>>> print(open('data.json').read())   # JSON, C-alpha atoms
[["chain", "number", "residue", "atom", "x", "y", "z"],
["T", 37, "MET", "CA", -17.26, 16.67, 28.89],
["T", 38, "MET", "CA", -14.16, 18.71, 28.08],
["T", 39, "THR", "CA", -11.62, 17.29, 25.66],
["T", 40, "SER", "CA", -8.11, 17.12, 27.08],
["T", 41, "PRO", "CA", -5.42, 19.06, 25.17],
["T", 42, "MET", "CA", -3.52, 15.83, 24.38],
["T", 43, "SER", "CA", -6.66, 14.09, 23.17],
["T", 44, "LEU", "CA", -7.40, 17.06, 20.94],
["T", 45, "PHE", "CA", -3.86, 16.93, 19.54],
["T", 46, "ASP", "CA", -4.15, 13.18, 18.85],
["T", 47, "THR", "CA", -7.48, 13.62, 17.10],
["T", 48, "THR", "CA", -6.22, 16.53, 15.01],
["T", 49, "THR", "CA", -3.16, 14.62, 13.80],
["T", 50, "LEU", "CA", -5.32, 11.65, 12.84],
["T", 51, "GLU", "CA", -7.56, 14.01, 10.88],
["T", 52, "CYS", "CA", -4.47, 15.27, 9.04],
["T", 53, "SER", "CA", -3.72, 11.72, 7.90],
["T", 54, "LYS", "CA", -7.31, 11.34, 6.76],
["T", 55, "LEU", "CA", -7.02, 14.52, 4.71],
["T", 56, "ILE", "CA", -3.79, 13.29, 3.11],
["T", 57, "THR", "CA", -5.48, 10.02, 2.14],
["T", 58, "GLN", "CA", -8.44, 11.85, 0.64],
["T", 59, "ARG", "CA", -6.20, 14.16, -1.40],
["T", 60, "TYR", "CA", -3.87, 11.47, -2.71],
["T", 61, "SER", "CA", -6.08, 8.43, -3.27],
["T", 62, "THR", "CA", -9.82, 8.43, -3.95],
["T", 63, "SER", "CA", -9.73, 4.64, -4.36],
["T", 64, "PHE", "CA", -8.02, 4.03, -1.02],
["T", 65, "THR", "CA", -10.35, 6.51, 0.69],
["T", 66, "LEU", "CA", -13.36, 4.66, -0.71],
["T", 67, "GLY", "CA", -11.97, 1.38, 0.56],
["T", 68, "ILE", "CA", -11.37, 2.75, 4.06],
["T", 69, "LYS", "CA", -14.93, 4.06, 4.27],
["T", 70, "THR", "CA", -16.22, 0.52, 3.86],
["T", 71, "LEU", "CA", -14.24, -0.65, 6.91],
["T", 72, "HIS", "CA", -15.82, -0.58, 10.35],
["T", 73, "PRO", "CA", -15.45, 2.98, 11.73],
["T", 74, "ARG", "CA", -13.08, 1.79, 14.46],
["T", 75, "PHE", "CA", -10.53, 0.98, 11.75],
["T", 76, "HIS", "CA", -10.74, 4.30, 9.89],
["T", 77, "ASP", "CA", -8.29, 6.42, 11.88],
["T", 78, "PRO", "CA", -5.53, 3.79, 12.22],
["T", 79, "ILE", "CA", -5.60, 2.90, 8.52],
["T", 80, "TYR", "CA", -5.60, 6.59, 7.55],
["T", 81, "ALA", "CA", -2.56, 7.02, 9.81],
["T", 82, "ILE", "CA", -0.69, 4.17, 8.15],
["T", 83, "TYR", "CA", -1.51, 5.52, 4.69],
["T", 84, "GLY", "CA", -0.37, 9.03, 5.66],
["T", 85, "PHE", "CA", 2.98, 7.69, 6.83],
["T", 86, "VAL", "CA", 3.71, 5.57, 3.76],
["T", 87, "ARG", "CA", 2.43, 8.27, 1.38],
["T", 88, "PHE", "CA", 4.76, 10.95, 2.75],
["T", 89, "ALA", "CA", 7.79, 8.67, 2.51],
["T", 90, "ASP", "CA", 6.80, 7.71, -1.03],
["T", 91, "GLU", "CA", 6.40, 11.36, -1.99],
["T", 92, "ILE", "CA", 9.94, 12.12, -0.85],
["T", 93, "VAL", "CA", 11.49, 9.62, -3.23],
["T", 94, "ASP", "CA", 9.06, 9.96, -6.14],
["T", 95, "THR", "CA", 8.17, 13.66, -6.23],
["T", 96, "PHE", "CA", 10.62, 16.02, -4.54],
["T", 97, "HIS", "CA", 13.11, 16.02, -7.43],
["T", 98, "THR", "CA", 14.37, 19.58, -6.88],
["T", 99, "HIS", "CA", 15.32, 18.82, -3.28],
["T", 100, "ASP", "CA", 17.88, 16.64, -1.53],
["T", 101, "LYS", "CA", 15.72, 13.52, -1.44],
["T", 102, "ALA", "CA", 18.30, 11.42, 0.39],
["T", 103, "GLY", "CA", 18.60, 14.08, 3.07],
["T", 104, "LEU", "CA", 14.83, 14.46, 3.39],
["T", 105, "LEU", "CA", 14.32, 10.70, 3.66],
["T", 106, "GLU", "CA", 17.03, 10.37, 6.30],
["T", 107, "ARG", "CA", 15.44, 13.20, 8.28],
["T", 108, "PHE", "CA", 12.05, 11.50, 7.95],
["T", 109, "ARG", "CA", 13.58, 8.23, 9.16],
["T", 110, "GLN", "CA", 15.18, 9.83, 12.21],
["T", 111, "GLU", "CA", 12.03, 11.75, 13.06],
["T", 112, "THR", "CA", 10.04, 8.54, 12.75],
["T", 113, "TYR", "CA", 12.30, 6.73, 15.19],
["T", 114, "GLN", "CA", 12.25, 9.71, 17.53],
["T", 115, "ALA", "CA", 8.43, 9.78, 17.45],
["T", 116, "LEU", "CA", 8.31, 6.06, 18.25],
["T", 117, "GLU", "CA", 10.77, 6.47, 21.12],
["T", 118, "GLU", "CA", 9.20, 9.58, 22.66],
["T", 119, "LYS", "CA", 5.57, 8.73, 21.76],
["T", 120, "ILE", "CA", 5.02, 12.22, 20.42],
["T", 121, "SER", "CA", 5.91, 14.26, 17.35],
["T", 122, "LEU", "CA", 5.19, 17.77, 16.18],
["T", 123, "ASN", "CA", 4.91, 16.28, 12.69],
["T", 124, "PRO", "CA", 1.19, 15.36, 12.65],
["T", 125, "VAL", "CA", 1.70, 12.43, 10.25],
["T", 126, "LEU", "CA", 4.36, 10.89, 12.47],
["T", 127, "HIS", "CA", 2.43, 11.53, 15.66],
["T", 128, "ALA", "CA", -0.65, 9.79, 14.25],
["T", 129, "PHE", "CA", 1.49, 6.91, 13.01],
["T", 130, "GLN", "CA", 3.24, 6.36, 16.33],
["T", 131, "LEU", "CA", -0.16, 6.23, 18.05],
["T", 132, "VAL", "CA", -1.10, 3.33, 15.80],
["T", 133, "VAL", "CA", 2.26, 1.58, 16.13],
["T", 134, "HIS", "CA", 2.02, 1.55, 19.92],
["T", 135, "ARG", "CA", -1.68, 0.76, 20.18],
["T", 136, "TYR", "CA", -1.59, -2.17, 17.75],
["T", 137, "HIS", "CA", 1.97, -3.36, 18.45],
["T", 138, "VAL", "CA", 3.19, -2.90, 14.89],
["T", 139, "ASP", "CA", 6.59, -4.56, 14.55],
["T", 140, "ARG", "CA", 9.53, -2.15, 14.30],
["T", 141, "SER", "CA", 11.03, -4.47, 11.67],
["T", 142, "TYR", "CA", 8.14, -3.64, 9.31],
["T", 143, "ILE", "CA", 8.91, 0.06, 9.58],
["T", 144, "ASP", "CA", 12.62, -0.56, 9.04],
["T", 145, "ALA", "CA", 11.91, -2.68, 5.94],
["T", 146, "PHE", "CA", 9.55, -0.08, 4.51],
["T", 147, "LEU", "CA", 12.01, 2.78, 4.93],
["T", 148, "HIS", "CA", 14.77, 0.62, 3.44],
["T", 149, "SER", "CA", 12.70, 0.05, 0.29],
["T", 150, "MET", "CA", 12.06, 3.78, 0.03],
["T", 151, "GLU", "CA", 15.82, 4.30, 0.27],
["T", 152, "MET", "CA", 16.30, 1.76, -2.54],
["T", 153, "ASP", "CA", 14.27, 4.04, -4.80],
["T", 154, "LEU", "CA", 17.01, 6.67, -4.50],
["T", 155, "GLU", "CA", 19.46, 4.37, -6.30],
["T", 156, "ASP", "CA", 19.50, 3.20, -9.92],
["T", 157, "TYR", "CA", 19.25, -0.51, -9.25],
["T", 158, "VAL", "CA", 19.05, -3.19, -11.89],
["T", 159, "TYR", "CA", 16.70, -5.52, -10.05],
["T", 160, "ASP", "CA", 17.55, -9.21, -9.86],
["T", 161, "CYS", "CA", 15.15, -11.67, -8.23],
["T", 162, "ASP", "CA", 16.52, -11.17, -4.71],
["T", 163, "LEU", "CA", 16.45, -7.38, -4.85],
["T", 164, "TYR", "CA", 12.98, -7.47, -6.38],
["T", 165, "LYS", "CA", 11.65, -9.64, -3.53],
["T", 166, "GLU", "CA", 13.40, -7.42, -0.98],
["T", 167, "TYR", "CA", 11.85, -4.31, -2.47],
["T", 168, "ILE", "CA", 8.36, -5.83, -2.74],
["T", 169, "TYR", "CA", 8.51, -6.98, 0.88],
["T", 170, "GLY", "CA", 9.50, -3.56, 2.19],
["T", 171, "SER", "CA", 7.37, -1.39, -0.05],
["T", 172, "ALA", "CA", 4.15, -3.43, -0.04],
["T", 173, "GLU", "CA", 4.02, -6.61, 2.04],
["T", 174, "VAL", "CA", 4.89, -4.93, 5.33],
["T", 175, "VAL", "CA", 2.23, -2.28, 4.71],
["T", 176, "GLY", "CA", -0.28, -5.11, 4.47],
["T", 177, "LEU", "CA", 1.11, -6.53, 7.72],
["T", 178, "MET", "CA", 0.76, -3.16, 9.45],
["T", 179, "CYS", "CA", -2.90, -3.03, 8.41],
["T", 180, "LEU", "CA", -3.39, -6.65, 9.47],
["T", 181, "ARG", "CA", -2.11, -5.76, 12.95],
["T", 182, "VAL", "CA", -4.91, -3.21, 13.15],
["T", 183, "PHE", "CA", -7.58, -5.60, 11.84],
["T", 184, "CYS", "CA", -6.60, -8.42, 14.21],
["T", 185, "GLU", "CA", -6.74, -6.12, 17.26],
["T", 186, "GLY", "CA", -4.30, -8.16, 19.32],
["T", 187, "ASN", "CA", -5.47, -11.63, 18.21],
["T", 188, "GLU", "CA", -2.04, -13.19, 17.64],
["T", 189, "GLU", "CA", -3.37, -16.53, 16.40],
["T", 190, "LEU", "CA", -5.44, -14.80, 13.72],
["T", 191, "PHE", "CA", -2.53, -12.55, 12.76],
["T", 192, "GLU", "CA", -0.16, -15.48, 12.30],
["T", 193, "ARG", "CA", -2.77, -17.34, 10.22],
["T", 194, "LEU", "CA", -3.34, -14.38, 7.90],
["T", 195, "LYS", "CA", 0.24, -13.12, 7.54],
["T", 196, "GLU", "CA", 1.05, -14.99, 4.34],
["T", 197, "PRO", "CA", -2.17, -14.00, 2.51],
["T", 198, "ALA", "CA", -1.70, -10.39, 3.62],
["T", 199, "CYS", "CA", 1.82, -10.38, 2.16],
["T", 200, "ALA", "CA", 0.52, -11.94, -1.06],
["T", 201, "LEU", "CA", -2.17, -9.26, -1.38],
["T", 202, "GLY", "CA", 0.32, -6.43, -0.83],
["T", 203, "ALA", "CA", 2.67, -8.00, -3.38],
["T", 204, "ALA", "CA", -0.12, -8.37, -5.94],
["T", 205, "PHE", "CA", -1.11, -4.72, -5.57],
["T", 206, "GLN", "CA", 2.47, -3.52, -5.93],
["T", 207, "LYS", "CA", 3.21, -5.69, -8.96],
["T", 208, "VAL", "CA", 0.03, -4.49, -10.70],
["T", 209, "ASN", "CA", 1.19, -0.94, -10.02],
["T", 210, "PHE", "CA", 4.59, -1.74, -11.51],
["T", 211, "LEU", "CA", 3.01, -3.21, -14.63],
["T", 212, "ARG", "CA", 0.57, -0.33, -15.02],
["T", 213, "ASP", "CA", 3.29, 2.26, -14.45],
["T", 214, "ILE", "CA", 6.14, 0.58, -16.34],
["T", 215, "ARG", "CA", 6.26, 3.43, -18.86],
["T", 216, "SER", "CA", 6.34, 6.31, -16.35],
["T", 217, "ASP", "CA", 8.72, 4.48, -14.02],
["T", 218, "PHE", "CA", 11.18, 4.10, -16.89],
["T", 219, "HIS", "CA", 10.85, 7.56, -18.45],
["T", 220, "ASP", "CA", 10.41, 9.62, -15.27],
["T", 221, "ARG", "CA", 12.59, 7.70, -12.82],
["T", 222, "GLY", "CA", 14.78, 5.41, -14.92],
["T", 223, "ARG", "CA", 13.41, 2.32, -13.15],
["T", 224, "VAL", "CA", 12.25, -1.09, -14.27],
["T", 225, "TYR", "CA", 11.44, -3.20, -11.22],
["T", 226, "PHE", "CA", 10.82, -6.54, -12.93],
["T", 227, "PRO", "CA", 13.93, -8.77, -12.96],
["T", 228, "LYS", "CA", 15.50, -9.49, -16.36],
["T", 229, "VAL", "CA", 13.09, -7.13, -18.15],
["T", 230, "ASP", "CA", 14.48, -4.63, -20.64],
["T", 231, "PHE", "CA", 11.95, -1.84, -21.14],
["T", 232, "LEU", "CA", 13.15, -1.26, -24.70],
["T", 233, "LYS", "CA", 12.55, -4.93, -25.53],
["T", 234, "PHE", "CA", 9.46, -5.52, -23.39],
["T", 235, "CYS", "CA", 7.24, -8.02, -25.20],
["T", 236, "ASN", "CA", 4.08, -10.05, -24.73],
["T", 237, "GLN", "CA", 6.03, -13.02, -23.37],
["T", 238, "ASP", "CA", 7.60, -10.83, -20.66],
["T", 239, "LYS", "CA", 4.17, -9.48, -19.81],
["T", 240, "GLU", "CA", 2.58, -12.94, -19.61],
["T", 241, "GLU", "CA", 5.29, -14.24, -17.25],
["T", 242, "ILE", "CA", 4.78, -11.25, -14.95],
["T", 243, "GLU", "CA", 1.01, -11.74, -15.07],
["T", 244, "ALA", "CA", 1.29, -15.42, -14.08],
["T", 245, "ASP", "CA", 3.27, -14.40, -10.99],
["T", 246, "ILE", "CA", 0.70, -11.72, -10.09],
["T", 247, "GLN", "CA", -2.20, -14.16, -10.55],
["T", 248, "ALA", "CA", -0.56, -16.56, -8.10],
["T", 249, "ASP", "CA", -0.37, -13.74, -5.53],
["T", 250, "PHE", "CA", -4.05, -12.89, -6.02],
["T", 251, "ASP", "CA", -5.00, -16.55, -5.61],
["T", 252, "ARG", "CA", -3.06, -16.85, -2.34],
["T", 253, "ALA", "CA", -4.56, -13.61, -1.01],
["T", 254, "TYR", "CA", -8.23, -14.45, -1.54],
["T", 255, "GLN", "CA", -8.56, -17.09, 1.17],
["T", 256, "GLY", "CA", -6.97, -14.71, 3.64],
["T", 257, "ILE", "CA", -9.60, -12.06, 2.87],
["T", 258, "LEU", "CA", -12.33, -14.56, 3.73],
["T", 259, "GLY", "CA", -10.68, -15.08, 7.11],
["T", 260, "LEU", "CA", -10.56, -11.41, 8.09],
["T", 261, "PRO", "CA", -12.78, -10.03, 10.87],
["T", 262, "LYS", "CA", -16.11, -8.91, 9.45],
["T", 263, "GLY", "CA", -15.39, -5.24, 10.11],
["T", 264, "ALA", "CA", -12.35, -5.39, 7.82],
["T", 265, "ARG", "CA", -13.47, -7.88, 5.19],
["T", 266, "LEU", "CA", -15.52, -5.67, 2.88],
["T", 267, "GLY", "CA", -12.92, -2.89, 2.68],
["T", 268, "VAL", "CA", -10.06, -5.28, 1.92],
["T", 269, "TYR", "CA", -12.20, -7.22, -0.55],
["T", 270, "LEU", "CA", -13.09, -3.99, -2.34],
["T", 271, "ALA", "CA", -9.39, -3.15, -2.73],
["T", 272, "TYR", "CA", -8.79, -6.71, -3.93],
["T", 273, "ILE", "CA", -11.59, -6.60, -6.49],
["T", 274, "TYR", "CA", -10.54, -3.15, -7.74],
["T", 275, "TYR", "CA", -6.96, -4.27, -8.35],
["T", 276, "LEU", "CA", -8.17, -7.52, -9.86],
["T", 277, "LYS", "CA", -10.31, -5.52, -12.29],
["T", 278, "LEU", "CA", -7.32, -3.35, -13.20],
["T", 279, "PHE", "CA", -5.16, -6.45, -13.58],
["T", 280, "LYS", "CA", -7.67, -8.14, -15.91],
["T", 281, "LYS", "CA", -7.85, -4.99, -18.00],
["T", 282, "ILE", "CA", -4.05, -4.96, -18.31],
["T", 283, "LYS", "CA", -4.01, -8.68, -19.17],
["T", 284, "GLY", "CA", -6.36, -8.04, -22.07],
["T", 285, "LEU", "CA", -3.99, -5.54, -23.69],
["T", 286, "PRO", "CA", -0.79, -6.17, -25.68],
["T", 287, "ALA", "CA", 2.58, -5.18, -24.26],
["T", 288, "ALA", "CA", 2.83, -2.31, -26.75],
["T", 289, "HIS", "CA", -0.27, -0.70, -25.27],
["T", 290, "ILE", "CA", 1.15, -0.88, -21.72],
["T", 291, "LEU", "CA", 4.32, 0.80, -22.96],
["T", 292, "ALA", "CA", 2.34, 3.61, -24.56],
["T", 293, "GLU", "CA", -0.49, 4.38, -22.16],
["T", 294, "ARG", "CA", -1.33, 4.10, -18.45],
["T", 295, "VAL", "CA", -4.34, 1.83, -17.91],
["T", 296, "ARG", "CA", -7.09, 3.11, -15.61],
["T", 297, "VAL", "CA", -10.36, 1.89, -14.11],
["T", 298, "PRO", "CA", -13.08, 4.54, -14.67],
["T", 299, "ASP", "CA", -14.86, 6.03, -11.65],
["T", 300, "ASN", "CA", -18.23, 4.60, -12.69],
["T", 301, "THR", "CA", -16.66, 1.13, -12.75],
["T", 302, "LYS", "CA", -15.24, 1.69, -9.25],
["T", 303, "LEU", "CA", -18.73, 2.55, -7.98],
["T", 304, "ALA", "CA", -20.17, -0.54, -9.66],
["T", 305, "LEU", "CA", -17.49, -2.65, -7.98],
["T", 306, "LEU", "CA", -18.38, -1.10, -4.62],
["T", 307, "LEU", "CA", -22.09, -1.88, -5.10],
["T", 308, "SER", "CA", -21.53, -5.47, -6.21],
["T", 309, "SER", "CA", -19.04, -6.05, -3.38],
["T", 310, "TYR", "CA", -21.48, -4.65, -0.81],
["T", 311, "ILE", "CA", -24.27, -6.92, -2.08],
["T", 312, "ARG", "CA", -22.01, -9.97, -1.84],
["T", 313, "PHE", "CA", -20.96, -8.93, 1.66],
["T", 314, "GLN", "CA", -24.57, -8.51, 2.80],
["T", 315, "PHE", "CA", -25.39, -12.00, 1.55],
["T", 316, "ASN", "CA", -22.31, -13.44, 3.31],
["T", 317, "THR", "CA", -20.72, -14.62, 0.09],
["T", 318, "ILE", "CA", -17.42, -12.93, 1.02]]
>>> encode(input="data.json", output="C-alpha cells")
Amino acid sequence: MMTSPMSLFDTTTLECSKLITQRYSTSFTLGIKTLHPRFHDPIYAIYGFVRFADEIVDTFHTHDKAGLLERFRQETYQALEEKISLNPVLHAFQLVVHRYHVDRSYIDAFLHSMEMDLEDYVYDCDLYKEYIYGSAEVVGLMCLRVFCEGNEELFERLKEPACALGAAFQKVNFLRDIRSDFHDRGRVYFPKVDFLKFCNQDKEEIEADIQADFDRAYQGILGLPKGARLGVYLAYIYYLKLFKKIKGLPAAHILAERVRVPDNTKLALLLSSYIRFQFNTI
C-alpha cells in the first residue's frame, strides 16, 4: 500500500521529535521506550515542543531570545489554527494537540513560564507556583491527556497527581541545578532563598515540600493505564533516586557540584522497575 504524501510528512515530523528527544535526554528516551508503542510518538512530540522552547530561553544567549520566543509562540498558534506547520516540531506537536484534545490553556501557561525565564525575577511564593505550573505541571497534564486517550473520568481523577509529579521533577531539577542557575542565568527559583546564604535549613525545607509532591504523585501512577504505568514509574523512581542522593548531601556540596545518577544505576532502576511491573506490584 502506498503511503500518502501527508502521512509521510506527519511520520517524518514525528521522527524529528524522536531524534530531538534522543539527542537531548537519554533518561527521558529510556522512559518513553518503556511505554506502550502507541504512546511513543505523541510523547516524543510533546518533549520536542517543550525542549525547543526551553532551548530558546536557556541556550541561545547570543541571539534575541525574546524575539525568538515570540516567533515560536506565534508559529505555535498558527500551527494549531491551520493544523499544519513547516516547522517539523510544531507540526508533530499540533497533531498531538488535536488528536488528544490537549487544552490550549496548558500551552499558554507553558509559553508564559518560558517567557518568565527571560526576566530577572525574585520569586515569591505566588510567582514560584505560577512558574512551576506552567513549566512542569502542564507538561504532565499534556502527557496525561495522551495516556488517558479520551477517558475524561480517568483524566480528572489523575490530574492532581500528574501535577504533583511534574512539580516534584521540576523542583528536584531546581535543587540539583541551583549553582548553574545562579551563575549562568542569575536565577534562584526558590522563594526567600539567597544563594549566597543557602544553608542546610533552607535545603531541608525545600526537600520537605518536594517529598510531599512525590507522595501525592505515587497513587496517581498506580492508577495510570497499564501501557503508561511502567514508563511514568521509571521516571518517578529515577527522580526519587536523584532526590534521595541530594538529600544525603550537605547544602555546601549542592552549591559546589551538580549531583548525577550514574548510567549503571539508571539501568539497575529500569531492571528493578520492570520486575515490579511484571509482578503487578506497581
>>> axis_aligned_box(input="data.json", around="stretch 238-255 of chain T", padding_each_side="4 Å", output="AutoDock Vina command-line options")
--center_x -0.5 --center_y -13.3 --center_z -9.7 --size_x 24.2 --size_y 15.6 --size_z 29.8
>>> atom_distance(input="data.json", atom1="atom CA of T:Phe183", atom2="atom CA of T:Val86")
17.8 Å
>>> residues_around(input="data.json", residues="stretch 219-226 of chain T", least_positions_apart="4", cutoff="12 Å", atoms="only C-alpha atoms", output="number ranges by chain")
T: 93-97, 152-168, 206-215, 230-234, 238-239, 241-243, 245-246, 291-292
>>> residues_near_point(input="data.json", point="(4.4, 16.3, 12.8)", cutoff="12 Å", atoms="only C-alpha atoms", output="list in words")
Phe45, Asp46, Thr48, Thr49, Leu50, Cys52, Ser53, Ala81, Gly84, Phe85, Phe88, Phe108, Glu111, Thr112, Gln114, Ala115, Lys119, Ile120, Ser121, Leu122, Asn123, Pro124, Val125, Leu126, His127, Ala128, Phe129 and Gln130 of chain T
>>> residues_around(input="data.json", residues="stretch 172-180 of chain T", least_positions_apart="4", cutoff="8 Å", atoms="only C-alpha atoms", output="PDB file with C-alpha atoms, keeping the file's coordinate frame")
ATOM      1  CA  ILE T  79      -5.600   2.900   8.520  1.00  0.00           C
ATOM      2  CA  ILE T  82      -0.690   4.170   8.150  1.00  0.00           C
ATOM      3  CA  VAL T 138       3.190  -2.900  14.890  1.00  0.00           C
ATOM      4  CA  ASP T 139       6.590  -4.560  14.550  1.00  0.00           C
ATOM      5  CA  TYR T 142       8.140  -3.640   9.310  1.00  0.00           C
ATOM      6  CA  ILE T 143       8.910   0.060   9.580  1.00  0.00           C
ATOM      7  CA  ALA T 145      11.910  -2.680   5.940  1.00  0.00           C
ATOM      8  CA  PHE T 146       9.550  -0.080   4.510  1.00  0.00           C
ATOM      9  CA  ILE T 168       8.360  -5.830  -2.740  1.00  0.00           C
ATOM     10  CA  CYS T 184      -6.600  -8.420  14.210  1.00  0.00           C
ATOM     11  CA  PHE T 191      -2.530 -12.550  12.760  1.00  0.00           C
ATOM     12  CA  LEU T 194      -3.340 -14.380   7.900  1.00  0.00           C
ATOM     13  CA  LYS T 195       0.240 -13.120   7.540  1.00  0.00           C
ATOM     14  CA  ALA T 198      -1.700 -10.390   3.620  1.00  0.00           C
ATOM     15  CA  CYS T 199       1.820 -10.380   2.160  1.00  0.00           C
ATOM     16  CA  ALA T 200       0.520 -11.940  -1.060  1.00  0.00           C
ATOM     17  CA  LEU T 201      -2.170  -9.260  -1.380  1.00  0.00           C
ATOM     18  CA  GLY T 202       0.320  -6.430  -0.830  1.00  0.00           C
ATOM     19  CA  ALA T 203       2.670  -8.000  -3.380  1.00  0.00           C
ATOM     20  CA  PHE T 205      -1.110  -4.720  -5.570  1.00  0.00           C
ATOM     21  CA  GLN T 206       2.470  -3.520  -5.930  1.00  0.00           C
TER      22      GLN T 206
END
>>> residues_near_point(input="data.json", point="(16.1, 9.0, 6.1)", cutoff="10 Å", atoms="all atoms listed in the file", output="number ranges by chain")
T: 89, 92, 101-112, 147-148, 150-151
>>> atom_distance(input="data.json", atom1="atom CA of T:Leu55", atom2="atom CA of T:Phe75")
15.7 Å
